[in-house]
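**Student:** Okay, so here is target27.csv, and as you'll see once you scroll down, it has CSV, C-alpha atoms.
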```csv
chain,number,residue,atom,x,y,z
A,1,LEU,CA,70.3,41.4,119.0
A,2,GLU,CA,67.6,39.8,121.2
A,3,GLY,CA,70.3,38.4,123.5
A,4,SER,CA,71.9,41.8,123.7
A,5,LEU,CA,68.7,43.5,124.6
A,6,PHE,CA,67.9,40.9,127.2
A,7,LEU,CA,71.4,41.4,128.7
A,8,ASP,CA,70.9,45.2,128.7
A,9,PHE,CA,67.6,44.7,130.6
A,10,ILE,CA,69.3,42.5,133.2
A,11,ILE,CA,72.1,45.1,133.7
A,12,VAL,CA,69.5,47.8,134.2
A,13,LEU,CA,67.5,45.9,136.7
A,14,GLY,CA,70.6,44.8,138.7
A,15,LEU,CA,72.2,48.3,138.8
A,16,ALA,CA,68.9,50.1,139.6
A,17,THR,CA,68.3,47.7,142.5
A,18,ILE,CA,71.8,48.2,144.0
A,19,VAL,CA,72.0,52.0,143.6
A,20,ALA,CA,68.4,52.6,144.7
A,21,THR,CA,69.0,50.4,147.8
A,22,LEU,CA,72.2,52.4,148.7
A,23,PHE,CA,70.3,55.7,148.3
A,24,TYR,CA,67.4,54.4,150.4
A,25,SER,CA,69.8,53.3,153.2
A,26,VAL,CA,71.1,56.9,153.5
A,27,ARG,CA,67.5,58.3,153.5
A,28,LEU,CA,67.6,59.6,150.0
A,29,PRO,CA,64.6,59.0,147.6
A,30,PRO,CA,64.9,55.8,145.5
A,31,ILE,CA,64.0,58.1,142.5
A,32,VAL,CA,67.4,59.7,142.7
A,33,GLY,CA,69.0,56.3,142.9
A,34,PHE,CA,67.1,55.2,139.7
A,35,LEU,CA,68.3,58.4,137.9
A,36,ILE,CA,71.9,57.8,139.0
A,37,ALA,CA,71.7,54.2,137.9
A,38,GLY,CA,70.5,55.3,134.5
A,39,ILE,CA,73.4,57.8,134.1
A,40,ILE,CA,75.9,55.1,135.1
A,41,ALA,CA,74.5,52.4,132.8
A,42,GLY,CA,73.6,54.6,129.8
A,43,PRO,CA,75.3,55.3,126.5
A,44,PHE,CA,76.7,58.5,127.9
A,45,GLY,CA,78.0,56.9,131.2
A,46,LEU,CA,79.9,53.6,131.5
A,47,LYS,CA,78.2,52.4,128.3
A,48,LEU,CA,76.9,49.2,130.0
A,49,VAL,CA,73.8,49.7,127.9
A,50,HIS,CA,74.3,50.8,124.3
A,51,SER,CA,70.8,50.9,123.0
A,52,SER,CA,69.1,54.3,123.4
A,53,VAL,CA,66.1,53.7,121.1
A,54,GLU,CA,64.5,51.1,123.4
A,55,VAL,CA,65.2,53.5,126.3
A,56,LYS,CA,63.0,56.1,124.8
A,57,TYR,CA,60.2,53.6,124.2
A,58,VAL,CA,60.3,52.6,127.9
A,59,THR,CA,60.2,56.3,128.9
A,60,GLU,CA,57.1,56.9,126.7
A,61,ILE,CA,55.3,53.8,128.0
A,62,ALA,CA,55.9,54.7,131.6
A,63,ALA,CA,54.8,58.3,131.2
A,64,PHE,CA,51.7,57.0,129.3
A,65,LEU,CA,50.7,54.7,132.1
A,66,LEU,CA,51.4,57.4,134.7
A,67,MET,CA,49.1,59.9,133.1
A,68,PHE,CA,46.4,57.3,132.5
A,69,THR,CA,46.3,56.2,136.1
A,70,LEU,CA,46.4,59.9,137.2
A,71,GLY,CA,43.3,60.4,135.0
A,72,LEU,CA,41.7,57.4,136.7
A,73,GLU,CA,42.0,59.1,140.0
A,74,PHE,CA,40.4,62.2,138.6
A,75,SER,CA,37.0,62.8,136.9
A,76,PHE,CA,35.5,65.5,134.8
A,77,LYS,CA,33.3,66.4,137.8
A,78,ARG,CA,36.4,66.6,140.0
A,79,LEU,CA,38.3,68.6,137.4
A,80,THR,CA,35.4,71.1,137.2
A,81,GLU,CA,35.3,71.5,140.9
A,82,SER,CA,39.1,72.2,141.0
A,83,ARG,CA,39.0,74.6,138.0
A,84,ARG,CA,39.9,77.5,140.3
A,85,ALA,CA,43.2,75.8,141.3
A,86,LEU,CA,43.7,74.6,137.8
A,87,PHE,CA,43.4,77.9,136.0
A,88,ALA,CA,44.2,80.4,138.7
A,89,TYR,CA,47.2,78.7,140.3
A,90,GLY,CA,48.3,77.0,137.1
A,91,SER,CA,48.3,80.2,135.0
A,92,SER,CA,50.0,82.2,137.7
A,93,GLN,CA,52.8,79.6,137.9
A,94,VAL,CA,53.3,79.2,134.2
A,95,VAL,CA,53.0,82.9,133.2
A,96,GLY,CA,54.9,84.1,136.3
A,97,THR,CA,57.8,81.7,135.7
A,98,VAL,CA,58.1,82.4,132.0
A,99,GLY,CA,58.0,86.2,132.7
A,100,ILE,CA,60.6,86.2,135.5
A,101,ILE,CA,63.0,83.8,133.8
A,102,SER,CA,62.9,85.5,130.4
A,103,VAL,CA,63.4,89.0,131.9
A,104,LEU,CA,66.3,87.8,134.1
A,105,LEU,CA,68.0,86.1,131.1
A,106,HIS,CA,67.5,89.1,128.9
A,107,LEU,CA,68.8,91.6,131.4
A,108,PHE,CA,71.6,89.7,133.1
A,109,LEU,CA,72.8,87.2,130.4
A,110,ASP,CA,72.1,89.5,127.5
A,111,MET,CA,70.0,86.9,125.7
A,112,SER,CA,67.6,87.9,122.9
A,113,TRP,CA,63.9,87.9,123.8
A,114,PRO,CA,63.0,84.9,121.7
A,115,LYS,CA,65.8,82.8,123.3
A,116,SER,CA,64.8,84.1,126.8
A,117,LEU,CA,61.2,83.2,126.2
A,118,PHE,CA,62.1,79.7,124.9
A,119,ILE,CA,64.1,78.9,128.0
A,120,GLY,CA,61.3,80.4,130.2
A,121,PHE,CA,59.0,77.9,128.6
A,122,LEU,CA,61.3,75.1,129.6
A,123,VAL,CA,61.8,76.2,133.2
A,124,ALA,CA,58.0,76.7,133.6
A,125,LEU,CA,57.3,73.1,132.9
A,126,SER,CA,57.8,70.3,135.5
A,127,SER,CA,58.0,66.5,135.3
A,128,THR,CA,54.5,65.2,136.1
A,129,ALA,CA,56.0,61.7,136.7
A,130,THR,CA,58.6,63.0,139.3
A,131,VAL,CA,56.3,65.3,141.2
A,132,PHE,CA,53.4,62.9,141.3
A,133,LYS,CA,55.6,60.1,142.5
A,134,ILE,CA,57.0,62.2,145.3
A,135,LEU,CA,53.5,63.2,146.4
A,136,GLN,CA,52.4,59.6,146.3
A,137,ASP,CA,55.4,58.3,148.3
A,138,ASN,CA,54.7,60.9,151.0
A,139,ARG,CA,50.9,60.2,150.9
A,140,GLU,CA,50.3,63.8,150.1
A,141,THR,CA,48.1,63.6,147.0
A,142,GLU,CA,44.9,64.2,148.9
A,143,THR,CA,46.3,67.2,150.9
A,144,ASN,CA,45.3,70.7,149.8
A,145,TYR,CA,48.8,71.5,148.5
A,146,GLY,CA,49.0,68.1,146.9
A,147,GLN,CA,45.8,68.8,144.9
A,148,VAL,CA,47.0,72.3,144.0
A,149,SER,CA,50.3,70.8,142.8
A,150,ILE,CA,48.5,68.3,140.6
A,151,SER,CA,46.3,71.0,139.2
A,152,ILE,CA,49.4,73.1,138.3
A,153,LEU,CA,51.0,70.0,136.7
A,154,LEU,CA,47.8,69.5,134.6
A,155,PHE,CA,47.8,73.1,133.6
A,156,GLN,CA,51.4,72.8,132.5
A,157,ASP,CA,50.5,69.9,130.3
A,158,LEU,CA,47.8,72.0,128.7
A,159,ALA,CA,50.1,75.0,128.4
A,160,VAL,CA,52.4,73.0,126.1
A,161,ILE,CA,49.8,73.4,123.3
A,162,PRO,CA,50.1,77.2,123.0
A,163,MET,CA,53.8,77.0,123.7
A,164,VAL,CA,54.3,74.8,120.7
A,165,LEU,CA,52.1,77.1,118.6
A,166,ILE,CA,54.3,80.1,119.7
A,167,LEU,CA,57.6,78.4,118.9
A,168,PRO,CA,57.7,79.2,115.2
A,169,PHE,CA,57.2,82.9,115.9
A,170,LEU,CA,60.3,82.8,118.2
A,171,ALA,CA,62.4,81.6,115.3
A,172,GLU,CA,64.6,84.0,113.4
A,173,SER,CA,62.4,83.8,110.3
A,174,SER,CA,59.0,85.0,111.6
A,175,LEU,CA,55.9,83.7,110.0
A,176,GLY,CA,53.6,86.0,107.9
A,177,GLU,CA,50.0,86.8,108.6
A,178,THR,CA,48.7,84.0,106.4
A,179,SER,CA,50.8,81.4,108.4
A,180,LEU,CA,49.5,82.9,111.7
A,181,LEU,CA,45.9,82.5,110.6
A,182,SER,CA,46.6,79.0,109.3
A,183,GLN,CA,48.2,78.0,112.7
A,184,LEU,CA,45.3,79.4,114.7
A,185,TYR,CA,42.8,77.7,112.4
A,186,SER,CA,44.6,74.4,112.8
A,187,LEU,CA,44.8,74.7,116.6
A,188,SER,CA,41.1,75.6,116.8
A,189,THR,CA,40.1,72.7,114.6
A,190,ARG,CA,42.2,70.3,116.8
A,191,LEU,CA,40.7,71.5,120.0
A,192,VAL,CA,37.1,71.3,118.7
A,193,GLY,CA,37.8,67.8,117.4
A,194,THR,CA,39.2,66.7,120.7
A,195,VAL,CA,36.2,68.0,122.6
A,196,LEU,CA,33.8,66.2,120.3
A,197,LEU,CA,35.8,63.0,120.4
A,198,VAL,CA,35.9,63.0,124.2
A,199,TRP,CA,32.1,63.8,124.5
A,200,VAL,CA,31.1,61.0,122.1
A,201,PHE,CA,33.4,58.4,123.7
A,202,SER,CA,32.5,59.3,127.3
A,203,LYS,CA,28.8,59.5,126.5
A,204,TYR,CA,28.2,56.5,124.3
A,205,LEU,CA,31.2,54.3,123.4
A,206,VAL,CA,33.1,53.7,126.6
A,207,PRO,CA,30.1,53.0,129.0
A,208,GLY,CA,28.5,50.6,126.4
A,209,LEU,CA,31.8,48.7,125.8
A,210,LEU,CA,32.6,48.4,129.5
A,211,ASN,CA,29.1,47.1,130.3
A,212,ARG,CA,29.4,44.5,127.6
A,213,VAL,CA,32.8,43.3,128.7
A,214,ALA,CA,31.9,43.3,132.4
A,215,ARG,CA,29.2,40.8,131.7
A,216,THR,CA,31.8,38.2,130.8
A,217,GLY,CA,33.2,38.3,134.3
A,218,SER,CA,36.7,37.9,133.0
A,219,ARG,CA,39.4,40.1,134.6
A,220,GLU,CA,41.7,39.4,131.6
A,221,ILE,CA,39.2,40.6,129.0
A,222,PHE,CA,38.4,43.6,131.2
A,223,PHE,CA,42.1,44.5,131.6
A,224,PHE,CA,42.7,44.4,127.8
A,225,CYS,CA,39.5,46.4,127.1
A,226,ILE,CA,40.7,49.1,129.5
A,227,LEU,CA,44.1,49.1,127.8
A,228,PHE,CA,42.5,49.3,124.4
A,229,ILE,CA,40.3,52.3,125.4
A,230,CYS,CA,43.3,54.1,126.9
A,231,ALA,CA,45.7,53.5,124.0
A,232,GLY,CA,43.0,54.1,121.3
A,233,THR,CA,41.8,57.4,122.8
A,234,ALA,CA,45.4,58.6,123.4
A,235,TYR,CA,46.4,57.7,119.8
A,236,LEU,CA,43.4,59.6,118.3
A,237,ILE,CA,44.1,62.6,120.5
A,238,ASP,CA,47.8,62.4,119.5
A,239,TYR,CA,46.7,62.2,115.8
A,240,LEU,CA,44.7,65.4,116.3
A,241,GLY,CA,48.0,67.1,117.2
A,242,LEU,CA,47.8,67.0,121.0
A,243,SER,CA,50.2,65.0,123.2
A,244,LEU,CA,50.0,61.3,123.8
A,245,THR,CA,50.3,61.6,127.5
A,246,LEU,CA,47.4,64.2,127.6
A,247,GLY,CA,45.3,61.7,125.6
A,248,ALA,CA,46.1,59.0,128.2
A,249,PHE,CA,45.0,61.3,131.0
A,250,ILE,CA,41.7,62.1,129.2
A,251,ALA,CA,41.1,58.4,128.6
A,252,GLY,CA,41.6,57.8,132.4
A,253,MET,CA,39.1,60.4,133.3
A,254,MET,CA,36.6,59.0,130.8
A,255,ILE,CA,36.9,55.5,132.4
A,256,SER,CA,36.8,57.0,136.0
A,257,GLU,CA,33.3,58.4,135.1
A,258,SER,CA,32.0,54.9,134.6
A,259,PRO,CA,31.0,52.4,137.3
A,260,TYR,CA,34.2,50.5,136.6
A,261,GLY,CA,36.7,53.2,137.4
A,262,LYS,CA,37.8,51.8,140.8
A,263,GLN,CA,38.3,48.3,139.3
A,264,ALA,CA,40.4,49.8,136.5
A,265,THR,CA,42.4,51.8,139.1
A,266,SER,CA,43.2,48.7,141.2
A,267,ASP,CA,44.3,46.8,138.1
A,268,PHE,CA,46.6,49.5,136.7
A,269,ILE,CA,48.2,51.2,139.7
A,270,PRO,CA,50.6,48.2,140.4
A,271,LEU,CA,51.6,48.2,136.7
A,272,ARG,CA,52.3,51.9,136.8
A,273,ASP,CA,54.4,51.7,140.0
A,274,ASN,CA,56.5,49.0,138.4
A,275,PHE,CA,57.1,50.9,135.3
A,276,LEU,CA,58.0,54.2,137.1
A,277,GLY,CA,61.4,52.8,138.2
A,278,LEU,CA,62.3,52.0,134.6
A,279,PHE,CA,61.0,55.5,133.6
A,280,PHE,CA,63.5,57.2,135.9
A,281,VAL,CA,66.3,54.9,134.9
A,282,SER,CA,65.6,55.6,131.2
A,283,ILE,CA,65.6,59.4,131.9
A,284,GLY,CA,69.0,59.0,133.5
A,285,MET,CA,70.3,57.2,130.4
A,286,LEU,CA,69.3,60.1,128.2
A,287,LEU,CA,71.5,62.5,130.0
A,288,ASP,CA,74.7,63.3,128.2
A,289,LEU,CA,77.3,64.3,130.8
A,290,SER,CA,79.8,65.5,128.3
A,291,PHE,CA,77.3,68.0,127.0
A,292,VAL,CA,76.7,69.2,130.6
A,293,ALA,CA,80.4,69.6,131.1
A,294,GLN,CA,80.9,71.6,127.9
A,295,LYS,CA,77.9,73.8,128.5
A,296,PHE,CA,78.1,73.9,132.3
A,297,ALA,CA,77.4,77.6,132.8
A,298,PRO,CA,74.3,77.8,130.5
A,299,VAL,CA,72.9,74.6,132.0
A,300,VAL,CA,73.2,76.0,135.5
```
Represent the structure contained in this file as structure tokens.
**Tutor:**
Amino acid sequence: LEGSLFLDFIIVLGLATIVATLFYSVRLPPIVGFLIAGIIAGPFGLKLVHSSVEVKYVTEIAAFLLMFTLGLEFSFKRLTESRRALFAYGSSQVVGTVGIISVLLHLFLDMSWPKSLFIGFLVALSSTATVFKILQDNRETETNYGQVSISILLFQDLAVIPMVLILPFLAESSLGETSLLSQLYSLSTRLVGTVLLVWVFSKYLVPGLLNRVARTGSREIFFFCILFICAGTAYLIDYLGLSLTLGAFIAGMMISESPYGKQATSDFIPLRDNFLGLFFVSIGMLLDLSFVAQKFAPVV
């Protein structure tokens, strides 16, 4: 099994290098090449790689690292300053997209309102990894529209929470009033718990721990300490019912507030960039082309 996994890894690296290089030579983004390489190598393509469980782990790790380093480049102060873009533009994009898509599907494809809303939710969300990578490659993250785009992406990540809450009510068997109150209570409890957790960590635990580790002068200990804070915070926030990637982003913002934010950023950005290629390859591996062929019209 170990030899098989290692061989799969070699195939993925080789194919991704070849395809991405070909795409780059014809002035297409390497991201597209990585996605195509994943489709070719994956279990739904030429079956050069058979394992799909490990693929999902790579995808989660890469998304986790991306959101953490994105958080490192933000801060609670900067997020507060950009609250207008975050809530005004973000809410306009999400609510507007859901509204337009659901109405069009209901009127022209004769879909029921619950199905139309559900698909509207999907269309309203974007891949933070893909958009942020494109902005970075074009050096547009610091431009006005780049900052607005990032704010909208963050709002989308937050919008997933109420979307998940609404999903049971879109099912055919609607929930009763008791279940509604229970869901609302559960959501409120999780949000309050998350705010308290972030406040305690950013105010007391993270600065003290980083100060103590920084005195050692060891880059290795510092690296593992940052990784521990990131993974631990993300796990606790995920345990409270929010997403792991959102927890990683919050952990990055907490560390960016400390005097060691720039050091952590310089240590983790190369790691993130290396994982991003594998992230896009693994996304390509998850695409089932036979399903797309069978459901071509609905997919379009």
**Student:** Tell me, in Å to one decimal, how far atom CA of A:Phe223 is from atom CA of A:Ser256.
**Tutor:**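 The value is 14.3 Å.
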**Student:** Calculated over all atoms listed in the file, which of the candidates A:Ser82, A:Leu197, A:Leu205, A:Lys133 has the smallest distance to A:Gln147?
**Tutor:**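 Looking only at the distances to A:Gln147, the closest residue turns out to be A:Ser82.
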**Student:** Quick one: residues within 12 Å of A:Leu271, all atoms listed in the file counted, chain neighbours fewer than 6 positions away excluded, as a list in words?
**Tutor:**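 Close residues of A:Leu271: Ile61, Ala62, Ala63, Phe64, Leu65, Leu66, Phe68, Thr69, Phe223, Leu227, Ala264, Thr265, Gly277 and Leu278 of chain A.
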**Student:** Here is a test: counting only C-alpha atoms, which residue of A:Pro162, A:Val98, A:Ile221, A:Tyr260 is nearest to A:Gly208?
**Tutor:**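 Nearest candidate to A:Gly208 out of A:Pro162, A:Val98, A:Ile221, A:Tyr260: A:Tyr260.
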**Student:** For A:Phe87, which residue among A:Ser186, A:Asn211, A:Ser126, A:Ser151 is the nearest when counting only C-alpha atoms?
**Tutor:**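 Of A:Ser186, A:Asn211, A:Ser126, A:Ser151, the one nearest A:Phe87 is A:Ser151, counting only C-alpha atoms.
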**Student:** Using Å and a single decimal, report how far atom CA of A:Gly120 sits from atom CA of A:Val299.
**Tutor:**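 So the two atoms, atom CA of A:Val299 and atom CA of A:Gly120, lie 13.1 Å apart.
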**Student:** In terms of the shortest atom-to-atom distance over all atoms listed in the file, which of A:Thr59, A:Thr21, A:Ser218, A:Ser127 is closest to A:Leu286?
**Tutor:**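 For A:Leu286, the nearest of the candidates is A:Thr59.
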**Student:** Report, in Å with one decimal, the straight-line distance from atom CA of A:Leu13 to atom CA of A:Phe34.
**Tutor:**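 Distance reported for this atom pair: 9.8 Å.
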**Student:** May I have the protein, DNA and RNA residues with an atom at most 12 Å from (50.4, 73.1, 129.5), counting all atoms listed in the file in the file's coordinates, returned as a ChimeraX atom specification?
**Tutor:** /A:86-87,90-91,93-95,121-122,124-128,151-165,242-243,245-246
**Student:** Please list as number ranges by chain every residue within 8 Å of A:Ile250, counting all atoms listed in the file and excluding residues in the same chain fewer than 4 positions away.
**Tutor:** A: 68, 71, 198, 233-234, 246, 254
**Student:** With only C-alpha atoms as the counted atoms, please give the residues lying no more than 10 Å from A:Ala171, apart from itself and same-chain residues fewer than 6 positions off, as a list in words.
**Tutor:**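 Contacts, in chain order: Pro114, Lys115 and Phe118 of chain A.
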**Student:** Just the residues within 9 Å of A:Cys230, please, counting all atoms listed in the file, with nothing from its chain fewer than 6 positions along; format it as a PyMOL selection string.
**Tutor:** chain A and resi 68+247-252+255
**Student:** Can you complete the atoms of stretch 264-288 of chain A to N, CA, C and O atoms and list them as an mmCIF file, keeping the file's coordinate frame?
**Tutor:**
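Okay, result-v2.cif is ready:
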```
data_model
loop_
_atom_site.group_PDB
_atom_site.id
_atom_site.type_symbol
_atom_site.label_atom_id
_atom_site.label_comp_id
_atom_site.auth_asym_id
_atom_site.auth_seq_id
_atom_site.Cartn_x
_atom_site.Cartn_y
_atom_site.Cartn_z
ATOM 1 N N ALA A 264 39.321 49.478 137.423
ATOM 2 C CA ALA A 264 40.400 49.800 136.500
ATOM 3 C C ALA A 264 41.619 50.351 137.270
ATOM 4 O O ALA A 264 42.776 50.015 136.971
ATOM 5 N N THR A 265 41.357 51.191 138.263
ATOM 6 C CA THR A 265 42.400 51.800 139.100
ATOM 7 C C THR A 265 43.212 50.691 139.797
ATOM 8 O O THR A 265 44.449 50.689 139.812
ATOM 9 N N SER A 266 42.508 49.752 140.427
ATOM 10 C CA SER A 266 43.200 48.700 141.200
ATOM 11 C C SER A 266 43.988 47.779 140.264
ATOM 12 O O SER A 266 45.006 47.217 140.676
ATOM 13 N N ASP A 267 43.585 47.645 138.993
ATOM 14 C CA ASP A 267 44.300 46.800 138.100
ATOM 15 C C ASP A 267 45.580 47.467 137.528
ATOM 16 O O ASP A 267 46.592 46.801 137.280
ATOM 17 N N PHE A 268 45.535 48.797 137.358
ATOM 18 C CA PHE A 268 46.600 49.500 136.700
ATOM 19 C C PHE A 268 47.639 50.151 137.557
ATOM 20 O O PHE A 268 48.768 50.378 137.128
ATOM 21 N N ILE A 269 47.271 50.475 138.790
ATOM 22 C CA ILE A 269 48.200 51.200 139.700
ATOM 23 C C ILE A 269 49.478 50.336 139.940
ATOM 24 O O ILE A 269 50.595 50.863 139.876
ATOM 25 N N PRO A 270 49.372 49.023 140.230
ATOM 26 C CA PRO A 270 50.600 48.200 140.400
ATOM 27 C C PRO A 270 51.471 48.236 139.158
ATOM 28 O O PRO A 270 52.704 48.297 139.239
ATOM 29 N N LEU A 271 50.837 48.174 137.986
ATOM 30 C CA LEU A 271 51.600 48.200 136.700
ATOM 31 C C LEU A 271 52.332 49.506 136.564
ATOM 32 O O LEU A 271 53.499 49.536 136.168
ATOM 33 N N ARG A 272 51.662 50.618 136.900
ATOM 34 C CA ARG A 272 52.300 51.900 136.800
ATOM 35 C C ARG A 272 53.493 52.047 137.717
ATOM 36 O O ARG A 272 54.567 52.507 137.331
ATOM 37 N N ASP A 273 53.332 51.612 138.975
ATOM 38 C CA ASP A 273 54.400 51.700 140.000
ATOM 39 C C ASP A 273 55.632 50.936 139.529
ATOM 40 O O ASP A 273 56.775 51.354 139.770
ATOM 41 N N ASN A 274 55.408 49.784 138.902
ATOM 42 C CA ASN A 274 56.500 49.000 138.400
ATOM 43 C C ASN A 274 57.266 49.643 137.283
ATOM 44 O O ASN A 274 58.491 49.566 137.171
ATOM 45 N N PHE A 275 56.520 50.288 136.407
ATOM 46 C CA PHE A 275 57.100 50.900 135.300
ATOM 47 C C PHE A 275 57.836 52.244 135.634
ATOM 48 O O PHE A 275 58.733 52.686 134.928
ATOM 49 N N LEU A 276 57.418 52.869 136.740
ATOM 50 C CA LEU A 276 58.000 54.200 137.100
ATOM 51 C C LEU A 276 59.477 54.072 137.373
ATOM 52 O O LEU A 276 60.242 54.982 137.034
ATOM 53 N N GLY A 277 59.919 52.969 138.003
ATOM 54 C CA GLY A 277 61.400 52.800 138.200
ATOM 55 C C GLY A 277 62.125 52.785 136.939
ATOM 56 O O GLY A 277 63.160 53.453 136.796
ATOM 57 N N LEU A 278 61.627 52.031 135.960
ATOM 58 C CA LEU A 278 62.300 52.000 134.600
ATOM 59 C C LEU A 278 62.212 53.357 133.963
ATOM 60 O O LEU A 278 63.127 53.740 133.227
ATOM 61 N N PHE A 279 61.130 54.114 134.210
ATOM 62 C CA PHE A 279 61.000 55.500 133.600
ATOM 63 C C PHE A 279 62.162 56.345 134.099
ATOM 64 O O PHE A 279 62.828 56.998 133.299
ATOM 65 N N PHE A 280 62.436 56.349 135.401
ATOM 66 C CA PHE A 280 63.500 57.200 135.900
ATOM 67 C C PHE A 280 64.874 56.719 135.497
ATOM 68 O O PHE A 280 65.776 57.530 135.251
ATOM 69 N N VAL A 281 65.042 55.406 135.412
ATOM 70 C CA VAL A 281 66.300 54.900 134.900
ATOM 71 C C VAL A 281 66.539 55.331 133.466
ATOM 72 O O VAL A 281 67.636 55.767 133.089
ATOM 73 N N SER A 282 65.498 55.230 132.652
ATOM 74 C CA SER A 282 65.600 55.600 131.200
ATOM 75 C C SER A 282 65.888 57.092 131.074
ATOM 76 O O SER A 282 66.624 57.516 130.178
ATOM 77 N N ILE A 283 65.286 57.927 131.952
ATOM 78 C CA ILE A 283 65.600 59.400 131.900
ATOM 79 C C ILE A 283 67.045 59.614 132.190
ATOM 80 O O ILE A 283 67.695 60.434 131.531
ATOM 81 N N GLY A 284 67.599 58.897 133.180
ATOM 82 C CA GLY A 284 69.000 59.000 133.500
ATOM 83 C C GLY A 284 69.901 58.634 132.297
ATOM 84 O O GLY A 284 70.936 59.257 132.043
ATOM 85 N N MET A 285 69.475 57.611 131.549
ATOM 86 C CA MET A 285 70.300 57.200 130.400
ATOM 87 C C MET A 285 70.310 58.219 129.288
ATOM 88 O O MET A 285 71.245 58.239 128.485
ATOM 89 N N LEU A 286 69.313 59.087 129.238
ATOM 90 C CA LEU A 286 69.300 60.100 128.200
ATOM 91 C C LEU A 286 70.156 61.295 128.460
ATOM 92 O O LEU A 286 70.327 62.154 127.592
ATOM 93 N N LEU A 287 70.708 61.371 129.669
ATOM 94 C CA LEU A 287 71.500 62.500 130.000
ATOM 95 C C LEU A 287 72.951 62.373 129.517
ATOM 96 O O LEU A 287 73.635 61.400 129.838
ATOM 97 N N ASP A 288 73.380 63.325 128.716
ATOM 98 C CA ASP A 288 74.700 63.300 128.200
ATOM 99 C C ASP A 288 75.623 64.189 129.063
ATOM 100 O O ASP A 288 75.567 65.425 129.040
#
```
